file upload-v6.txt (compact mmCIF, C-alpha atoms)
# COMPACT_ATOMS: atom_id res chain seq x y z
CA MET A 294 112.01 -49.49 -31.77
CA THR A 295 109.81 -52.34 -30.54
CA LEU A 296 106.71 -50.42 -31.63
CA VAL A 297 108.18 -49.73 -35.09
CA ALA A 298 109.16 -53.39 -35.47
CA ALA A 299 105.66 -54.48 -34.47
CA LEU A 300 104.08 -52.10 -36.95
CA MET A 301 106.36 -53.34 -39.72
CA LEU A 302 105.47 -56.92 -38.86
CA ILE A 303 101.76 -56.11 -38.96
CA VAL A 304 102.16 -54.42 -42.36
CA PHE A 305 104.16 -57.37 -43.68
CA VAL A 306 101.61 -59.90 -42.43
CA THR A 307 98.77 -57.82 -43.88
CA TYR A 308 100.38 -57.72 -47.34
CA ALA A 309 101.18 -61.43 -47.14
CA VAL A 310 97.61 -62.34 -46.23
CA PHE A 311 96.26 -60.00 -48.91
CA GLY A 312 98.56 -61.55 -51.54
CA VAL A 313 97.58 -65.09 -50.60
CA THR A 314 93.90 -64.10 -50.61
CA VAL A 315 94.16 -62.58 -54.11
CA PHE A 316 95.94 -65.72 -55.33
CA ILE A 317 93.26 -67.99 -53.87
CA VAL A 318 90.45 -65.86 -55.34
CA GLN A 319 92.08 -65.83 -58.79
CA ARG A 320 92.74 -69.56 -58.62
CA LEU A 321 89.16 -70.30 -57.64
CA SER A 322 87.92 -67.96 -60.37
CA GLN A 323 90.09 -69.72 -62.97
CA ALA A 324 88.89 -73.09 -61.70
CA GLY A 325 85.31 -71.89 -62.21
CA VAL A 326 86.13 -70.76 -65.76
CA ASP A 327 87.80 -74.10 -66.53
CA GLU A 328 84.80 -75.99 -65.17
CA THR A 329 82.35 -73.92 -67.23
CA ASN A 330 84.57 -74.33 -70.27
CA MET A 331 84.60 -78.13 -70.00
CA GLN A 332 80.89 -78.15 -69.22
CA SER A 333 80.29 -76.30 -72.50
CA VAL A 334 82.21 -79.02 -74.37
CA TYR A 335 80.13 -81.75 -72.74
CA VAL A 336 76.91 -79.90 -73.55
CA ALA A 337 78.01 -79.47 -77.20
CA GLN A 338 78.77 -83.20 -77.38
CA ALA A 339 75.30 -83.89 -76.02
CA GLY A 340 73.90 -81.74 -78.84
CA ILE A 341 75.75 -83.76 -81.49
CA GLN A 342 74.52 -87.04 -80.02
CA SER A 343 70.97 -85.71 -79.73
CA ALA A 344 70.90 -84.67 -83.41
CA LEU A 345 72.22 -88.03 -84.60
CA TYR A 346 69.80 -89.92 -82.35
CA GLN A 347 66.92 -87.92 -83.85
CA PHE A 348 68.13 -88.65 -87.36
CA ARG A 349 68.50 -92.39 -86.72
CA TYR A 350 65.15 -92.62 -84.93
CA ASN A 351 63.30 -90.92 -87.78
CA ASP A 352 65.22 -92.96 -90.35
CA ILE A 353 63.71 -96.17 -88.96
CA SER A 354 60.21 -95.43 -90.25
CA ALA A 355 60.80 -92.83 -92.99
CA ASN A 356 63.52 -90.42 -94.04
CA GLY A 357 65.95 -89.37 -91.33
CA TYR A 358 66.05 -85.79 -90.06
CA PHE A 359 66.93 -83.72 -87.02
CA THR A 360 65.58 -80.39 -85.76
CA LEU A 361 67.62 -77.20 -85.59
CA GLY A 362 67.45 -74.76 -82.67
CA ARG A 363 67.94 -74.57 -78.91
CA THR A 364 67.38 -77.39 -76.42
CA ASP A 365 67.56 -76.85 -72.65
CA ILE A 366 69.27 -79.71 -70.82
CA ASP A 367 68.43 -78.23 -67.40
CA SER A 368 67.99 -74.77 -65.88
CA ASN A 369 71.69 -73.96 -66.34
CA ASN A 370 72.84 -75.64 -69.57
CA PHE A 371 71.62 -75.70 -73.15
CA PHE A 372 72.83 -76.51 -76.67
CA THR A 373 71.90 -75.02 -80.02
CA LEU A 374 71.95 -77.07 -83.22
CA GLY A 375 72.84 -75.17 -86.38
CA ALA A 376 74.05 -75.67 -89.93
CA ASN A 377 74.33 -73.98 -93.29
CA ALA A 378 72.51 -75.17 -96.39
CA SER A 379 75.34 -77.36 -97.73
CA ASP A 380 75.68 -79.06 -94.32
CA LEU A 381 72.06 -80.18 -94.62
CA LEU A 382 72.26 -81.32 -98.24
CA MET A 383 72.70 -85.10 -98.35
CA ALA A 384 73.71 -86.64 -101.67
CA ARG A 385 73.66 -90.42 -102.02
CA THR A 386 76.26 -91.74 -104.45
CA ASN A 387 76.40 -95.47 -103.70
CA GLY A 388 74.01 -96.37 -106.53
CA SER A 389 75.46 -94.28 -109.35
CA TYR A 390 76.11 -95.92 -112.74
CA LEU A 391 76.55 -95.05 -116.42
CA TYR A 392 74.12 -96.28 -119.07
CA PRO A 393 74.53 -97.72 -121.62
CA SER A 394 77.49 -99.49 -120.08
CA THR A 395 78.75 -101.25 -123.20
CA GLY A 396 78.05 -101.55 -126.89
CA ALA A 397 78.06 -99.20 -129.85
CA LEU A 398 75.79 -96.64 -128.19
CA ALA A 399 78.10 -96.35 -125.17
CA SER A 400 80.70 -94.71 -127.40
CA ARG A 401 78.18 -92.06 -128.51
CA TYR A 402 76.48 -90.99 -125.28
CA ARG A 403 76.13 -91.88 -121.58
CA TYR A 404 73.60 -91.13 -118.88
CA LEU A 405 74.71 -90.93 -115.25
CA TYR A 406 71.93 -92.48 -113.18
CA GLY A 407 71.41 -93.46 -109.55
CA LEU A 408 72.02 -90.22 -107.60
CA ALA A 409 69.62 -88.95 -104.92
CA ILE A 410 69.49 -85.90 -102.64
CA GLN A 411 67.72 -85.08 -99.35
CA ASN A 412 67.35 -82.35 -96.74
CA ALA A 413 68.67 -83.53 -93.34
CA THR A 414 66.38 -81.31 -91.22
CA ASN A 415 62.69 -80.64 -90.78
CA SER A 416 63.41 -77.01 -89.79
CA ASN A 417 62.72 -74.17 -92.21
CA THR A 418 65.15 -71.75 -90.53
CA VAL A 419 67.87 -72.71 -93.06
CA PRO A 420 66.45 -72.95 -96.61
CA VAL A 421 68.20 -75.77 -98.51
CA ILE A 422 68.21 -74.53 -102.12
CA ILE A 423 70.68 -75.59 -104.82
CA ASP A 424 71.71 -72.59 -106.90
CA ARG A 425 74.41 -74.11 -109.13
CA MET A 426 76.07 -77.42 -109.87
CA ILE A 427 79.72 -77.40 -110.91
CA VAL A 428 80.39 -80.68 -112.72
CA THR A 429 83.90 -81.86 -113.59
CA TRP A 430 85.13 -84.96 -115.39
CA ASN A 431 88.41 -86.12 -116.87
CA ASN A 432 87.87 -86.25 -120.64
CA SER A 433 86.73 -84.08 -123.56
CA VAL A 434 83.09 -85.23 -123.61
CA ARG A 435 80.39 -82.55 -123.40
CA LEU A 436 77.62 -82.29 -120.79
CA ARG A 437 74.19 -81.66 -122.31
CA THR A 438 71.47 -82.00 -119.63
CA ILE A 439 70.85 -82.19 -115.89
CA ARG A 440 67.45 -83.55 -114.83
CA ILE A 441 66.20 -83.53 -111.20
CA ASN A 442 62.87 -84.83 -109.88
CA GLY A 443 61.44 -85.29 -113.37
CA SER A 444 62.34 -81.87 -114.80
CA ASN A 445 65.32 -80.54 -116.74
CA VAL A 446 67.00 -77.95 -114.51
CA TRP A 447 69.83 -77.20 -116.95
CA THR A 448 70.60 -77.73 -120.65
CA GLY A 449 73.70 -76.80 -122.60
CA ASN A 450 76.70 -78.21 -124.44
CA VAL A 451 79.86 -77.65 -122.41
CA LEU A 452 83.20 -79.22 -121.60
CA SER A 453 84.54 -79.84 -118.12
CA PRO A 454 84.48 -77.92 -115.82
CA ALA A 455 80.79 -77.15 -116.33
CA ASP A 456 79.49 -74.36 -114.07
CA CYS A 457 75.78 -75.04 -114.51
CA ASN A 458 73.45 -72.29 -113.32
CA ILE A 459 70.49 -74.60 -112.80
CA THR A 460 66.91 -73.63 -112.12
CA ASN A 461 67.03 -73.24 -108.32
CA PHE A 462 65.97 -76.50 -106.69
CA THR A 463 64.48 -76.44 -103.17
CA LEU A 464 64.65 -79.46 -100.89
CA ASN A 465 61.62 -79.33 -98.60
CA THR A 466 61.56 -79.98 -94.87
CA THR A 467 59.29 -83.05 -94.84
CA PRO A 468 62.01 -84.20 -95.71
CA SER A 469 61.76 -85.98 -99.07
CA ILE A 470 64.28 -87.87 -101.18
CA TYR A 471 64.66 -86.49 -104.70
CA ASN A 472 66.21 -88.34 -107.61
CA ILE A 473 68.79 -86.67 -109.77
CA ASN A 474 67.28 -88.51 -112.72
CA TYR A 475 70.35 -88.19 -114.87
CA LEU A 476 73.27 -86.19 -116.19
CA TYR A 477 73.46 -86.61 -119.96
CA PHE A 478 76.93 -86.69 -121.52
CA TYR A 479 77.35 -86.71 -125.30
CA GLY A 480 80.31 -89.02 -125.80
CA ASN A 481 82.19 -91.99 -124.41
CA MET A 482 82.58 -91.77 -120.60
CA THR A 483 84.40 -95.08 -120.14
CA GLY A 484 86.90 -94.74 -117.30
CA ALA A 485 85.64 -91.29 -116.31
CA THR A 486 85.62 -89.87 -112.80
CA ILE A 487 82.77 -87.41 -112.24
CA ASN A 488 82.65 -84.82 -109.45
CA ILE A 489 79.88 -82.43 -108.50
CA THR A 490 80.07 -79.31 -106.32
CA PHE A 491 76.62 -78.26 -105.14
CA VAL A 492 76.55 -74.48 -104.58
CA MET A 493 73.68 -73.31 -102.37
CA THR A 494 71.85 -69.98 -102.36
CA ASP A 495 73.48 -69.07 -99.02
CA GLY A 496 76.92 -69.30 -100.68
CA SER A 497 77.97 -72.55 -98.99
CA SER A 498 78.98 -75.57 -101.07
CA LYS A 499 79.51 -79.32 -100.89
CA GLN A 500 81.87 -81.20 -103.22
CA MET A 501 81.92 -84.95 -103.82
CA THR A 502 82.83 -87.67 -106.28
CA VAL A 503 79.58 -89.07 -107.68
CA PHE A 504 81.07 -91.65 -110.06
CA PRO A 505 82.46 -94.25 -109.61
CA ALA A 506 79.92 -95.12 -106.92
CA SER A 507 81.02 -94.72 -103.30
CA VAL A 508 79.47 -95.21 -99.86
CA ASN A 509 78.50 -91.59 -99.33
CA TYR A 510 75.33 -90.09 -97.83
CA ASN A 511 76.74 -87.47 -95.48
CA LEU A 512 75.27 -84.69 -93.36
CA THR A 513 77.00 -82.16 -91.11
CA VAL A 514 75.66 -80.87 -87.80
CA LYS A 515 77.04 -78.11 -85.56
CA ALA A 516 76.25 -77.97 -81.84
CA THR A 517 77.07 -75.05 -79.53
CA GLY A 518 77.14 -75.76 -75.78
CA LYS A 519 76.60 -72.95 -73.28
CA THR A 520 75.84 -72.32 -69.60
CA THR A 521 73.15 -69.77 -68.77
CA GLY A 522 74.63 -66.47 -67.57
CA SER A 523 78.10 -67.20 -68.93
CA ASN A 524 79.74 -65.83 -72.07
CA ILE A 525 81.72 -69.05 -72.49
CA TYR A 526 80.67 -71.39 -75.30
CA ARG A 527 82.14 -74.19 -77.40
CA THR A 528 80.98 -75.34 -80.85
CA LEU A 529 81.58 -78.81 -82.26
CA GLN A 530 80.98 -80.01 -85.82
CA ALA A 531 80.33 -83.63 -86.80
CA ASP A 532 80.11 -85.29 -90.22
CA TYR A 533 77.82 -88.34 -90.23
CA ASN A 534 77.42 -90.99 -92.94
CA ALA A 535 73.84 -92.26 -92.99
CA LEU A 536 74.80 -95.35 -95.00
CA THR A 537 77.40 -96.61 -92.55
CA GLY A 538 75.82 -95.12 -89.40
CA LYS A 539 79.17 -93.67 -88.33
CA ILE A 540 80.61 -90.26 -87.49
CA THR A 541 83.39 -89.73 -90.01
CA LYS A 542 84.78 -86.51 -88.56
CA LEU A 543 84.44 -84.51 -85.32
CA ASP A 544 86.10 -81.12 -84.83
CA GLU A 545 85.84 -78.03 -82.68
CA ILE A 546 85.17 -75.06 -84.94
CA ASN A 547 84.46 -72.17 -82.56
CA ALA A 548 85.07 -71.24 -78.92
CA GLN A 549 84.65 -68.29 -76.55
CA MET A 550 86.55 -68.88 -73.30
call {"tool": "encode", "arguments": {"input": "upload-v6.txt", "output": "structure tokens"}}
result
Amino acid sequence: MTLVAALMLIVFVTYAVFGVTVFIVQRLSQAGVDETNMQSVYVAQAGIQSALYQFRYNDISANGYFTLGRTDIDSNNFFTLGANASDLLMARTNGSYLYPSTGALASRYRYLYGLAIQNATNSNTVPVIIDRMIVTWNNSVRLRTIRINGSNVWTGNVLSPADCNITNFTLNTTPSIYNINYLYFYGNMTGATINITFVMTDGSSKQMTVFPASVNYNLTVKATGKTTGSNIYRTLQADYNALTGKITKLDEINAQM
């Protein structure tokens, strides 16, 4: 009986030790996953800050831009900057105005002036090409012409909403600032609110109010943080206003944990 009791005690202790060992191993494994997970967030945040630093630095002497692709922080951690075409399209609306503003001619026609567009990257991995412009406004005036960079890219005679299949316009990776010379409306636009949705050749789009003028010159950057050898990653997305120098929105959009 003593021998049986001893054997039972040994078996019990063995199972107890095994159970505690499994628990400790699982806990340590989960702790490692949690650490890698948080490290991926920090690395993605570093990617966002790196992109915005690049943009601001280049904006000091010329037109701001950042570079897409992978950057190694050290031998174990890296981030990848990415975007779609509409993320990289920047449209400046703070200088928009209608002309003529008053007088007899203002009741017959109006030109919307003062808009400009730019590519936010110097990378050619994501072509930034405008395929269509969907223009909406809140009256019965007709849109006749859209002119960009000195050339008419669309002509017609349509009411709102105007889905304008423009001549595809490519924003190069120098990058350069292009003027949307004007949108020509045939009629009185007093009190109008004008919106444009830029539809890109990759299917992405960016919508904004272009008149009345607003403090808007936004870009979007996505940064994915990852540790070498791990399948864990986190992706953050930031909207940045180049006129105010502030991040207007920061979200997590994708994760593998």
call {"tool": "atom_distance", "arguments": {"input": "upload-v6.txt", "atom1": "atom CA of Ser379 of chain A", "atom2": "atom CA of Ser498 of chain A"}}
result
5.3 Å
call {"tool": "atom_distance", "arguments": {"input": "upload-v6.txt", "atom1": "atom CA of Ser469 of chain A", "atom2": "atom CA of Asp380 of chain A"}}
result
16.3 Å
call {"tool": "residues_around", "arguments": {"input": "upload-v6.txt", "residues": "segment 448-462 of chain A", "least_positions_apart": "5", "cutoff": "6 Å", "atoms": "all atoms listed in the file", "output": "JSON list (two decimals) with C-alpha atoms, in the frame of the given file"}}
result
[["chain", "number", "residue", "atom", "x", "y", "z"],
["A", 422, "ILE", "CA", 68.21, -74.53, -102.12],
["A", 423, "ILE", "CA", 70.68, -75.59, -104.82],
["A", 424, "ASP", "CA", 71.71, -72.59, -106.90],
["A", 425, "ARG", "CA", 74.41, -74.11, -109.13],
["A", 426, "MET", "CA", 76.07, -77.42, -109.87],
["A", 427, "ILE", "CA", 79.72, -77.40, -110.91],
["A", 428, "VAL", "CA", 80.39, -80.68, -112.72],
["A", 429, "THR", "CA", 83.90, -81.86, -113.59],
["A", 430, "TRP", "CA", 85.13, -84.96, -115.39],
["A", 435, "ARG", "CA", 80.39, -82.55, -123.40],
["A", 436, "LEU", "CA", 77.62, -82.29, -120.79],
["A", 437, "ARG", "CA", 74.19, -81.66, -122.31],
["A", 438, "THR", "CA", 71.47, -82.00, -119.63]]
call {"tool": "closest_residue", "arguments": {"input": "upload-v6.txt", "among": "A:Leu381, A:Ile353, A:Val446, A:Leu391", "to": "Tyr510 of chain A", "atoms": "only C-alpha atoms"}}
result
A:Leu381
call {"tool": "residues_around", "arguments": {"input": "upload-v6.txt", "residues": "Asn442 of chain A", "least_positions_apart": "3", "cutoff": "8 Å", "atoms": "only C-alpha atoms", "output": "list in words"}}
result
Tyr471, Asn472, Ile473 and Asn474 of chain A
call {"tool": "write_last_selection", "arguments": {"input": "upload-v6.txt", "atoms": "C-alpha atoms", "output": "short mmCIF file (atom, residue, chain, number, x, y, z; two decimals), in the coordinates of the input"}}
result
data_model
loop_
_atom_site.label_atom_id
_atom_site.label_comp_id
_atom_site.auth_asym_id
_atom_site.auth_seq_id
_atom_site.Cartn_x
_atom_site.Cartn_y
_atom_site.Cartn_z
CA TYR A 471 64.66 -86.49 -104.70
CA ASN A 472 66.21 -88.34 -107.61
CA ILE A 473 68.79 -86.67 -109.77
CA ASN A 474 67.28 -88.51 -112.72
#
call {"tool": "atom_distance", "arguments": {"input": "upload-v6.txt", "atom1": "atom CA of Ser394 of chain A", "atom2": "atom CA of Tyr406 of chain A"}}
result
11.3 Å
call {"tool": "closest_residue", "arguments": {"input": "upload-v6.txt", "among": "A:Ile441, A:Leu536, A:Pro468, A:Leu382", "to": "Ser497 of chain A", "atoms": "all atoms listed in the file"}}
result
A:Leu382
call {"tool": "axis_aligned_box", "arguments": {"input": "upload-v6.txt", "around": "segment 372-386 of chain A", "padding_each_side": "3 Å", "output": "JSON"}}
result
{"center_x": 74.1, "center_y": -82.9, "center_z": -90.6, "size_x": 10.4, "size_y": 23.8, "size_z": 33.8}
call {"tool": "closest_residue", "arguments": {"input": "upload-v6.txt", "among": "A:Tyr358, A:Tyr533, A:Tyr346, A:Tyr475", "to": "Thr513 of chain A", "atoms": "only C-alpha atoms"}}
result
A:Tyr533
call {"tool": "closest_residue", "arguments": {"input": "upload-v6.txt", "among": "A:Ala397, A:Ile540, A:Ile439, A:Val419", "to": "Gly362 of chain A", "atoms": "all atoms listed in the file"}}
result
A:Val419
call {"tool": "closest_residue", "arguments": {"input": "upload-v6.txt", "among": "A:Val336, A:Ala355, A:Asp495, A:Asn412", "to": "Asp367 of chain A", "atoms": "only C-alpha atoms"}}
result
A:Val336
call {"tool": "residues_around", "arguments": {"input": "upload-v6.txt", "residues": "Ala384 of chain A", "least_positions_apart": "5", "cutoff": "9 Å", "atoms": "all atoms listed in the file", "output": "list in words"}}
result
Leu408, Ala409, Ile410, Gln411, Met501, Val503, Asn509, Tyr510, Asn511 and Leu512 of chain A
call {"tool": "write_last_selection", "arguments": {"input": "upload-v6.txt", "atoms": "C-alpha atoms", "output": "compact mmCIF listing (two decimals), in the frame of the given file"}}
result
# COMPACT_ATOMS: atom_id res chain seq x y z
CA LEU A 408 72.02 -90.22 -107.60
CA ALA A 409 69.62 -88.95 -104.92
CA ILE A 410 69.49 -85.90 -102.64
CA GLN A 411 67.72 -85.08 -99.35
CA MET A 501 81.92 -84.95 -103.82
CA VAL A 503 79.58 -89.07 -107.68
CA ASN A 509 78.50 -91.59 -99.33
CA TYR A 510 75.33 -90.09 -97.83
CA ASN A 511 76.74 -87.47 -95.48
CA LEU A 512 75.27 -84.69 -93.36
call {"tool": "residues_near_point", "arguments": {"input": "upload-v6.txt", "point": "(81.5, -77.6, -76.0)", "cutoff": "8 Å", "atoms": "all atoms listed in the file", "output": "ChimeraX atom specification"}}
result
/A:330-338,516-519,526-529,545,548
call {"tool": "write_last_selection", "arguments": {"input": "upload-v6.txt", "atoms": "C-alpha atoms", "output": "compact mmCIF listing (two decimals), keeping the file's coordinate frame"}}
result
# COMPACT_ATOMS: atom_id res chain seq x y z
CA ASN A 330 84.57 -74.33 -70.27
CA MET A 331 84.60 -78.13 -70.00
CA GLN A 332 80.89 -78.15 -69.22
CA SER A 333 80.29 -76.30 -72.50
CA VAL A 334 82.21 -79.02 -74.37
CA TYR A 335 80.13 -81.75 -72.74
CA VAL A 336 76.91 -79.90 -73.55
CA ALA A 337 78.01 -79.47 -77.20
CA GLN A 338 78.77 -83.20 -77.38
CA ALA A 516 76.25 -77.97 -81.84
CA THR A 517 77.07 -75.05 -79.53
CA GLY A 518 77.14 -75.76 -75.78
CA LYS A 519 76.60 -72.95 -73.28
CA TYR A 526 80.67 -71.39 -75.30
CA ARG A 527 82.14 -74.19 -77.40
CA THR A 528 80.98 -75.34 -80.85
CA LEU A 529 81.58 -78.81 -82.26
CA GLU A 545 85.84 -78.03 -82.68
CA ALA A 548 85.07 -71.24 -78.92
call {"tool": "closest_residue", "arguments": {"input": "upload-v6.txt", "among": "A:Asn431, A:Arg401, A:Lys515, A:Asn387", "to": "Arg363 of chain A", "atoms": "only C-alpha atoms"}}
result
A:Lys515
call {"tool": "residues_near_point", "arguments": {"input": "upload-v6.txt", "point": "(84.4, -91.1, -108.2)", "cutoff": "7 Å", "atoms": "only C-alpha atoms", "output": "list of chain:residue names"}}
result
A:Thr486, A:Ile487, A:Asn488, A:Thr502, A:Val503, A:Phe504, A:Pro505, A:Ala506, A:Ser507
call {"tool": "write_last_selection", "arguments": {"input": "upload-v6.txt", "atoms": "C-alpha atoms", "output": "short mmCIF file (atom, residue, chain, number, x, y, z; two decimals), in the frame of the given file"}}
result
data_model
loop_
_atom_site.label_atom_id
_atom_site.label_comp_id
_atom_site.auth_asym_id
_atom_site.auth_seq_id
_atom_site.Cartn_x
_atom_site.Cartn_y
_atom_site.Cartn_z
CA THR A 486 85.62 -89.87 -112.80
CA ILE A 487 82.77 -87.41 -112.24
CA ASN A 488 82.65 -84.82 -109.45
CA THR A 502 82.83 -87.67 -106.28
CA VAL A 503 79.58 -89.07 -107.68
CA PHE A 504 81.07 -91.65 -110.06
CA PRO A 505 82.46 -94.25 -109.61
CA ALA A 506 79.92 -95.12 -106.92
CA SER A 507 81.02 -94.72 -103.30
#
call {"tool": "residues_around", "arguments": {"input": "upload-v6.txt", "residues": "Thr360 of chain A", "least_positions_apart": "4", "cutoff": "7 Å", "atoms": "only C-alpha atoms", "output": "ChimeraX atom specification"}}
result
/A:414-416
call {"tool": "decode", "arguments": {"input": "upload-v6.txt", "residues": "segment 428-454 of chain A", "atoms": "N, CA and C atoms", "output": "compact mmCIF listing (two decimals), in the first residue's frame"}}
result
# COMPACT_ATOMS: atom_id res chain seq x y z
N VAL A 428 -18.29 66.31 -60.59
CA VAL A 428 -18.52 67.66 -60.04
C VAL A 428 -19.99 67.80 -59.68
N THR A 429 -20.26 68.29 -58.48
CA THR A 429 -21.63 68.52 -58.04
C THR A 429 -21.75 69.95 -57.51
N TRP A 430 -22.92 70.53 -57.69
CA TRP A 430 -23.21 71.87 -57.18
C TRP A 430 -24.70 71.99 -56.97
N ASN A 431 -25.13 72.99 -56.22
CA ASN A 431 -26.51 73.03 -55.73
C ASN A 431 -27.39 74.04 -56.44
N ASN A 432 -27.36 74.04 -57.78
CA ASN A 432 -28.30 74.85 -58.55
C ASN A 432 -28.45 74.24 -59.94
N SER A 433 -29.17 74.92 -60.83
CA SER A 433 -29.47 74.36 -62.15
C SER A 433 -28.56 74.91 -63.24
N VAL A 434 -27.43 75.48 -62.87
CA VAL A 434 -26.45 75.98 -63.84
C VAL A 434 -25.74 74.79 -64.50
N ARG A 435 -25.27 75.00 -65.74
CA ARG A 435 -24.60 73.93 -66.47
C ARG A 435 -23.08 74.13 -66.48
N LEU A 436 -22.36 73.00 -66.36
CA LEU A 436 -20.90 73.01 -66.45
C LEU A 436 -20.51 72.81 -67.91
N ARG A 437 -19.57 73.68 -68.39
CA ARG A 437 -19.19 73.64 -69.79
C ARG A 437 -17.77 73.12 -70.03
N THR A 438 -16.80 73.51 -69.16
CA THR A 438 -15.39 73.22 -69.45
C THR A 438 -14.62 72.97 -68.16
N ILE A 439 -13.66 72.03 -68.24
CA ILE A 439 -12.65 71.86 -67.20
C ILE A 439 -11.29 71.99 -67.87
N ARG A 440 -10.46 72.88 -67.33
CA ARG A 440 -9.13 73.14 -67.90
C ARG A 440 -8.07 72.92 -66.83
N ILE A 441 -7.06 72.06 -67.13
CA ILE A 441 -5.98 71.75 -66.20
C ILE A 441 -4.64 71.95 -66.90
N ASN A 442 -3.75 72.67 -66.23
CA ASN A 442 -2.38 72.86 -66.72
C ASN A 442 -2.35 73.40 -68.14
N GLY A 443 -3.27 74.32 -68.44
CA GLY A 443 -3.26 75.00 -69.73
C GLY A 443 -3.99 74.32 -70.85
N SER A 444 -4.62 73.16 -70.58
CA SER A 444 -5.34 72.45 -71.65
C SER A 444 -6.73 72.05 -71.17
N ASN A 445 -7.69 72.10 -72.08
CA ASN A 445 -9.04 71.63 -71.77
C ASN A 445 -9.02 70.10 -71.71
N VAL A 446 -9.39 69.56 -70.55
CA VAL A 446 -9.42 68.11 -70.39
C VAL A 446 -10.84 67.56 -70.51
N TRP A 447 -11.83 68.47 -70.52
CA TRP A 447 -13.22 68.05 -70.69
C TRP A 447 -14.04 69.24 -71.15
N THR A 448 -14.97 69.00 -72.09
CA THR A 448 -15.96 70.00 -72.50
C THR A 448 -17.30 69.31 -72.62
N GLY A 449 -18.35 70.06 -72.33
CA GLY A 449 -19.70 69.53 -72.40
C GLY A 449 -20.72 70.61 -72.05
N ASN A 450 -21.89 70.17 -71.60
CA ASN A 450 -22.95 71.11 -71.25
C ASN A 450 -23.94 70.34 -70.37
N VAL A 451 -23.57 70.14 -69.09
CA VAL A 451 -24.33 69.24 -68.24
C VAL A 451 -24.72 69.89 -66.92
N LEU A 452 -25.79 69.35 -66.35
CA LEU A 452 -26.24 69.76 -65.03
C LEU A 452 -25.53 68.93 -63.97
N SER A 453 -25.67 69.36 -62.73
CA SER A 453 -25.14 68.59 -61.60
C SER A 453 -26.02 67.36 -61.35
N PRO A 454 -25.43 66.20 -61.03
CA PRO A 454 -24.00 65.90 -60.92
C PRO A 454 -23.39 65.62 -62.29
